[in-house]
>>> print(open('start16.pdb').read())   # PDB, C-alpha atoms
ATOM      1  CA  MET A   1      10.104  -2.813 -14.373  1.00  0.00           C
ATOM      2  CA  ASN A   2       9.423   0.787 -15.359  1.00  0.00           C
ATOM      3  CA  ASP A   3       6.124   1.584 -13.750  1.00  0.00           C
ATOM      4  CA  PRO A   4       4.366   4.910 -14.404  1.00  0.00           C
ATOM      5  CA  ARG A   5       2.691   4.944 -10.987  1.00  0.00           C
ATOM      6  CA  LEU A   6       5.955   4.358  -9.179  1.00  0.00           C
ATOM      7  CA  GLU A   7       7.687   6.953 -11.356  1.00  0.00           C
ATOM      8  CA  GLU A   8       4.977   9.456 -10.449  1.00  0.00           C
ATOM      9  CA  LEU A   9       5.416   8.734  -6.733  1.00  0.00           C
ATOM     10  CA  ILE A  10       9.208   8.987  -7.027  1.00  0.00           C
ATOM     11  CA  GLU A  11       8.778  12.384  -8.673  1.00  0.00           C
ATOM     12  CA  GLU A  12       6.442  13.571  -5.880  1.00  0.00           C
ATOM     13  CA  PHE A  13       8.872  12.412  -3.195  1.00  0.00           C
ATOM     14  CA  SER A  14      11.888  13.899  -5.000  1.00  0.00           C
ATOM     15  CA  PHE A  15      10.705  17.389  -4.037  1.00  0.00           C
ATOM     16  CA  LEU A  16      10.905  16.501  -0.337  1.00  0.00           C
ATOM     17  CA  ASP A  17      14.329  17.235   1.087  1.00  0.00           C
ATOM     18  CA  ASP A  18      14.444  15.247   4.307  1.00  0.00           C
ATOM     19  CA  TRP A  19      12.798  12.445   6.218  1.00  0.00           C
ATOM     20  CA  GLU A  20      10.579  14.854   8.204  1.00  0.00           C
ATOM     21  CA  GLU A  21       9.042  16.229   5.009  1.00  0.00           C
ATOM     22  CA  ARG A  22       8.603  12.725   3.593  1.00  0.00           C
ATOM     23  CA  TYR A  23       7.013  11.595   6.860  1.00  0.00           C
ATOM     24  CA  ARG A  24       4.509  14.483   6.766  1.00  0.00           C
ATOM     25  CA  TYR A  25       3.727  13.765   3.106  1.00  0.00           C
ATOM     26  CA  VAL A  26       3.099  10.088   3.850  1.00  0.00           C
ATOM     27  CA  ILE A  27       0.670  11.123   6.613  1.00  0.00           C
ATOM     28  CA  ASP A  28      -1.055  13.548   4.207  1.00  0.00           C
ATOM     29  CA  LEU A  29      -1.462  10.743   1.655  1.00  0.00           C
ATOM     30  CA  GLY A  30      -3.050   8.625   4.388  1.00  0.00           C
ATOM     31  CA  ARG A  31      -5.503  11.382   5.302  1.00  0.00           C
ATOM     32  CA  ALA A  32      -6.692  11.429   1.679  1.00  0.00           C
ATOM     33  CA  LEU A  33      -7.485   7.692   1.705  1.00  0.00           C
ATOM     34  CA  PRO A  34     -11.270   7.171   1.880  1.00  0.00           C
ATOM     35  CA  PRO A  35     -12.265   5.378   5.101  1.00  0.00           C
ATOM     36  CA  LEU A  36     -13.715   1.902   5.032  1.00  0.00           C
ATOM     37  CA  ALA A  37     -17.286   1.343   6.135  1.00  0.00           C
ATOM     38  CA  GLU A  38     -17.636  -0.049   9.630  1.00  0.00           C
ATOM     39  CA  THR A  39     -18.961  -3.285   8.095  1.00  0.00           C
ATOM     40  CA  GLU A  40     -15.648  -3.648   6.203  1.00  0.00           C
ATOM     41  CA  ARG A  41     -13.487  -3.287   9.312  1.00  0.00           C
ATOM     42  CA  VAL A  42     -13.955  -6.889  10.318  1.00  0.00           C
ATOM     43  CA  GLU A  43     -11.604  -9.585  11.550  1.00  0.00           C
ATOM     44  CA  ILE A  44     -11.201 -11.291   8.157  1.00  0.00           C
ATOM     45  CA  ALA A  45     -10.056  -7.983   6.602  1.00  0.00           C
ATOM     46  CA  LYS A  46      -7.361  -7.409   9.247  1.00  0.00           C
ATOM     47  CA  VAL A  47      -3.756  -7.663   8.142  1.00  0.00           C
ATOM     48  CA  ARG A  48      -1.727  -9.904  10.475  1.00  0.00           C
ATOM     49  CA  GLY A  49       1.810  -8.842  11.309  1.00  0.00           C
ATOM     50  CA  CYS A  50       1.070  -5.154  11.796  1.00  0.00           C
ATOM     51  CA  ALA A  51       1.530  -3.543  15.202  1.00  0.00           C
ATOM     52  CA  SER A  52      -1.342  -1.152  14.509  1.00  0.00           C
ATOM     53  CA  GLN A  53      -4.730  -2.196  13.240  1.00  0.00           C
ATOM     54  CA  VAL A  54      -4.898  -2.429   9.454  1.00  0.00           C
ATOM     55  CA  TRP A  55      -7.843  -3.538   7.374  1.00  0.00           C
ATOM     56  CA  LEU A  56      -7.468  -4.294   3.687  1.00  0.00           C
ATOM     57  CA  VAL A  57     -10.353  -5.206   1.409  1.00  0.00           C
ATOM     58  CA  SER A  58     -10.250  -6.131  -2.246  1.00  0.00           C
ATOM     59  CA  ALA A  59     -12.546  -6.774  -5.155  1.00  0.00           C
ATOM     60  CA  THR A  60     -11.729  -8.442  -8.445  1.00  0.00           C
ATOM     61  CA  ALA A  61     -13.677  -7.386 -11.532  1.00  0.00           C
ATOM     62  CA  PRO A  62     -15.073 -10.579 -13.080  1.00  0.00           C
ATOM     63  CA  GLU A  63     -14.870  -9.231 -16.663  1.00  0.00           C
ATOM     64  CA  THR A  64     -11.301  -7.939 -16.575  1.00  0.00           C
ATOM     65  CA  GLY A  65      -9.686  -9.661 -13.587  1.00  0.00           C
ATOM     66  CA  VAL A  66      -8.456  -6.260 -12.375  1.00  0.00           C
ATOM     67  CA  VAL A  67      -8.068  -6.104  -8.597  1.00  0.00           C
ATOM     68  CA  GLU A  68      -9.093  -3.044  -6.587  1.00  0.00           C
ATOM     69  CA  PHE A  69      -7.802  -2.485  -3.051  1.00  0.00           C
ATOM     70  CA  ARG A  70      -9.058  -0.248  -0.285  1.00  0.00           C
ATOM     71  CA  GLY A  71      -7.840  -0.033   3.265  1.00  0.00           C
ATOM     72  CA  GLN A  72      -7.629   1.759   6.563  1.00  0.00           C
ATOM     73  CA  SER A  73      -5.374   1.875   9.610  1.00  0.00           C
ATOM     74  CA  ASP A  74      -5.707   3.351  13.078  1.00  0.00           C
ATOM     75  CA  ALA A  75      -2.157   4.780  12.904  1.00  0.00           C
ATOM     76  CA  ALA A  76      -1.456   7.880  10.776  1.00  0.00           C
ATOM     77  CA  ILE A  77       1.893   6.795   9.317  1.00  0.00           C
ATOM     78  CA  VAL A  78       0.627   3.274   8.574  1.00  0.00           C
ATOM     79  CA  GLN A  79      -2.455   4.770   6.911  1.00  0.00           C
ATOM     80  CA  GLY A  80      -0.047   6.724   4.694  1.00  0.00           C
ATOM     81  CA  LEU A  81       2.000   3.640   3.827  1.00  0.00           C
ATOM     82  CA  LEU A  82      -1.245   1.862   3.024  1.00  0.00           C
ATOM     83  CA  ALA A  83      -2.299   4.774   0.788  1.00  0.00           C
ATOM     84  CA  ILE A  84       0.941   4.383  -1.179  1.00  0.00           C
ATOM     85  CA  LEU A  85       0.388   0.626  -1.533  1.00  0.00           C
ATOM     86  CA  VAL A  86      -3.218   1.117  -2.669  1.00  0.00           C
ATOM     87  CA  ARG A  87      -2.068   3.703  -5.207  1.00  0.00           C
ATOM     88  CA  MET A  88       0.658   1.396  -6.505  1.00  0.00           C
ATOM     89  CA  TYR A  89      -1.339  -1.839  -6.677  1.00  0.00           C
ATOM     90  CA  SER A  90      -5.049  -1.065  -7.063  1.00  0.00           C
ATOM     91  CA  GLY A  91      -6.618  -1.274 -10.513  1.00  0.00           C
ATOM     92  CA  ARG A  92      -4.124  -3.732 -11.946  1.00  0.00           C
ATOM     93  CA  PRO A  93      -4.407  -7.299 -13.210  1.00  0.00           C
ATOM     94  CA  PRO A  94      -2.966  -9.930 -10.840  1.00  0.00           C
ATOM     95  CA  ALA A  95       0.165 -10.628 -12.905  1.00  0.00           C
ATOM     96  CA  GLU A  96       1.154  -6.943 -12.782  1.00  0.00           C
ATOM     97  CA  ILE A  97       0.580  -6.853  -9.027  1.00  0.00           C
ATOM     98  CA  LEU A  98       2.794  -9.893  -8.529  1.00  0.00           C
ATOM     99  CA  ALA A  99       5.553  -8.317 -10.633  1.00  0.00           C
ATOM    100  CA  LEU A 100       5.783  -5.242  -8.348  1.00  0.00           C
ATOM    101  CA  ASP A 101       7.971  -5.450  -5.251  1.00  0.00           C
ATOM    102  CA  ALA A 102       6.865  -3.133  -2.447  1.00  0.00           C
ATOM    103  CA  GLN A 103      10.219  -3.111  -0.628  1.00  0.00           C
ATOM    104  CA  THR A 104      12.102  -2.061  -3.759  1.00  0.00           C
ATOM    105  CA  SER A 105       9.474   0.588  -4.469  1.00  0.00           C
ATOM    106  CA  PHE A 106       9.666   2.053  -0.962  1.00  0.00           C
ATOM    107  CA  HIS A 107      13.458   2.209  -1.206  1.00  0.00           C
ATOM    108  CA  ALA A 108      13.078   4.060  -4.523  1.00  0.00           C
ATOM    109  CA  LEU A 109      10.869   6.576  -2.699  1.00  0.00           C
ATOM    110  CA  GLY A 110      13.532   7.071  -0.036  1.00  0.00           C
ATOM    111  CA  LEU A 111      11.340   5.485   2.629  1.00  0.00           C
ATOM    112  CA  GLY A 112      12.833   2.014   2.957  1.00  0.00           C
ATOM    113  CA  ASP A 113      15.675   2.789   5.347  1.00  0.00           C
ATOM    114  CA  ALA A 114      13.685   5.370   7.286  1.00  0.00           C
ATOM    115  CA  LEU A 115      11.037   2.955   8.536  1.00  0.00           C
ATOM    116  CA  THR A 116      11.417   1.380  11.961  1.00  0.00           C
ATOM    117  CA  PRO A 117      11.769  -2.424  11.936  1.00  0.00           C
ATOM    118  CA  GLN A 118       8.216  -2.677  13.284  1.00  0.00           C
ATOM    119  CA  ARG A 119       6.799  -0.472  10.492  1.00  0.00           C
ATOM    120  CA  SER A 120       8.918  -2.291   7.938  1.00  0.00           C
ATOM    121  CA  ASN A 121       7.417  -5.598   9.094  1.00  0.00           C
ATOM    122  CA  GLY A 122       3.942  -4.092   8.855  1.00  0.00           C
ATOM    123  CA  LEU A 123       4.677  -2.901   5.332  1.00  0.00           C
ATOM    124  CA  LYS A 124       5.827  -6.413   4.395  1.00  0.00           C
ATOM    125  CA  ALA A 125       2.632  -7.860   5.880  1.00  0.00           C
ATOM    126  CA  MET A 126       0.421  -5.449   3.914  1.00  0.00           C
ATOM    127  CA  ALA A 127       2.335  -6.112   0.675  1.00  0.00           C
ATOM    128  CA  GLN A 128       2.148  -9.859   1.298  1.00  0.00           C
ATOM    129  CA  ARG A 129      -1.632  -9.652   1.730  1.00  0.00           C
ATOM    130  CA  ILE A 130      -1.884  -7.743  -1.572  1.00  0.00           C
ATOM    131  CA  HIS A 131       0.244 -10.375  -3.316  1.00  0.00           C
ATOM    132  CA  ASP A 132      -1.837 -13.187  -1.757  1.00  0.00           C
ATOM    133  CA  VAL A 133      -5.037 -11.606  -3.096  1.00  0.00           C
ATOM    134  CA  ALA A 134      -3.441 -11.245  -6.553  1.00  0.00           C
ATOM    135  CA  ARG A 135      -2.199 -14.846  -6.505  1.00  0.00           C
ATOM    136  CA  ASP A 136      -5.677 -16.088  -5.541  1.00  0.00           C
ATOM    137  CA  ALA A 137      -7.251 -13.955  -8.306  1.00  0.00           C
ATOM    138  CA  LEU A 138      -4.775 -15.296 -10.843  1.00  0.00           C
ATOM    139  CA  VAL A 139      -5.456 -18.906  -9.839  1.00  0.00           C
ATOM    140  CA  GLY A 140      -9.206 -18.197  -9.845  1.00  0.00           C
ATOM    141  CA  SER A 141      -9.058 -16.813 -13.378  1.00  0.00           C
ATOM    142  CA  GLN A 142      -7.209 -19.889 -14.617  1.00  0.00           C
ATOM    143  CA  GLY A 143      -9.486 -22.357 -12.861  1.00  0.00           C
TER     144      GLY A 143
END
>>> encode(input="start16.pdb", output="structure tokens")
Amino acid sequence: MNDPRLEELIEEFSFLDDWEERYRYVIDLGRALPPLAETERVEIAKVRGCASQVWLVSATAPETGVVEFRGQSDAAIVQGLLAILVRMYSGRPPAEILALDAQTSFHALGLGDALTPQRSNGLKAMAQRIHDVARDALVGSQG
């Protein structure tokens, strides 16, 4: 699937020569992510399967079915990975969200092989939560 958002991210990352530069850029992206309110950092918003603490909240627009995601992590690199996921998935209808594969996207950015197994598992957990929300929204719109 040719996705303009992913293409834009690929272009941004293409200017970064090595893993160190990519790592710093991911952290910078995380710093730009707006923090969640304390009332949003609750147990139900926590993403299971992440070594660090990650909260992910979503809202589905009743008129359009578009899903918005926001999130926060207590670890800088994870916050950056979350920022990339939010940028890729937020503001889309559920079917589009379900058609995007996070692992493939992160490999296209040159990040897939550079992540530790623990971070890779956390990324999978965050992407799975996003897909679960989209699946629920899709079922809810058909019900």
>>> resolve_selection(input="start16.pdb", expression="the PyMOL selection byres ((chain A and resi 80-90) around 8)", output="list in words")
Arg5, Leu6, Val26, Ile27, Asp28, Leu29, Gly30, Arg31, Leu33, Val67, Glu68, Phe69, Arg70, Gly71, Gln72, Ser73, Ala76, Ile77, Val78, Gln79, Gly91, Arg92, Ile97, Ala102, Leu123, Met126, Ala127 and Ile130 of chain A
>>> resolve_selection(input="start16.pdb", expression="the PyMOL selection byres ((chain A and resi 140) around 12)", output="list in words")
Thr60, Ala61, Pro62, Gly65, Pro94, Val133, Ala134, Arg135, Asp136, Ala137, Leu138, Val139, Ser141, Gln142 and Gly143 of chain A
>>> closest_residue(input="start16.pdb", among="A:Ser52, A:Gly110, A:Glu63, A:Pro117", to="Phe15 of chain A", atoms="only C-alpha atoms")
A:Gly110
>>> closest_residue(input="start16.pdb", among="A:Ala32, A:Leu109, A:Arg24, A:Glu43", to="Val57 of chain A", atoms="only C-alpha atoms")
A:Glu43
>>> atom_distance(input="start16.pdb", atom1="atom CA of Trp55 of chain A", atom2="atom CA of Thr116 of chain A")
20.4 Å
>>> resolve_selection(input="start16.pdb", expression="the PyMOL selection byres ((chain A and resi 45) around 10)", output="list of chain:residue names")
A:Glu40, A:Arg41, A:Val42, A:Glu43, A:Ile44, A:Lys46, A:Val47, A:Arg48, A:Val54, A:Trp55, A:Leu56, A:Val57, A:Ser58, A:Gly71, A:Arg129
>>> atom_distance(input="start16.pdb", atom1="atom CA of Ala108 of chain A", atom2="atom CA of Ile10 of chain A")
6.7 Å
>>> closest_residue(input="start16.pdb", among="A:Asp101, A:Leu115, A:His131, A:Ala125", to="Asp3 of chain A", atoms="only C-alpha atoms")
A:Asp101
>>> atom_distance(input="start16.pdb", atom1="atom CA of Tyr23 of chain A", atom2="atom CA of Gly112 of chain A")
11.9 Å
>>> closest_residue(input="start16.pdb", among="A:Asp113, A:Thr104, A:Asn121, A:Asp74", to="Pro35 of chain A", atoms="all atoms listed in the file")
A:Asp74
>>> closest_residue(input="start16.pdb", among="A:Ala75, A:Leu111, A:Ser120, A:Leu98", to="Tyr25 of chain A", atoms="all atoms listed in the file")
A:Leu111
>>> closest_residue(input="start16.pdb", among="A:Ala95, A:Leu36, A:Leu16, A:Ala114", to="Asp132 of chain A", atoms="all atoms listed in the file")
A:Ala95
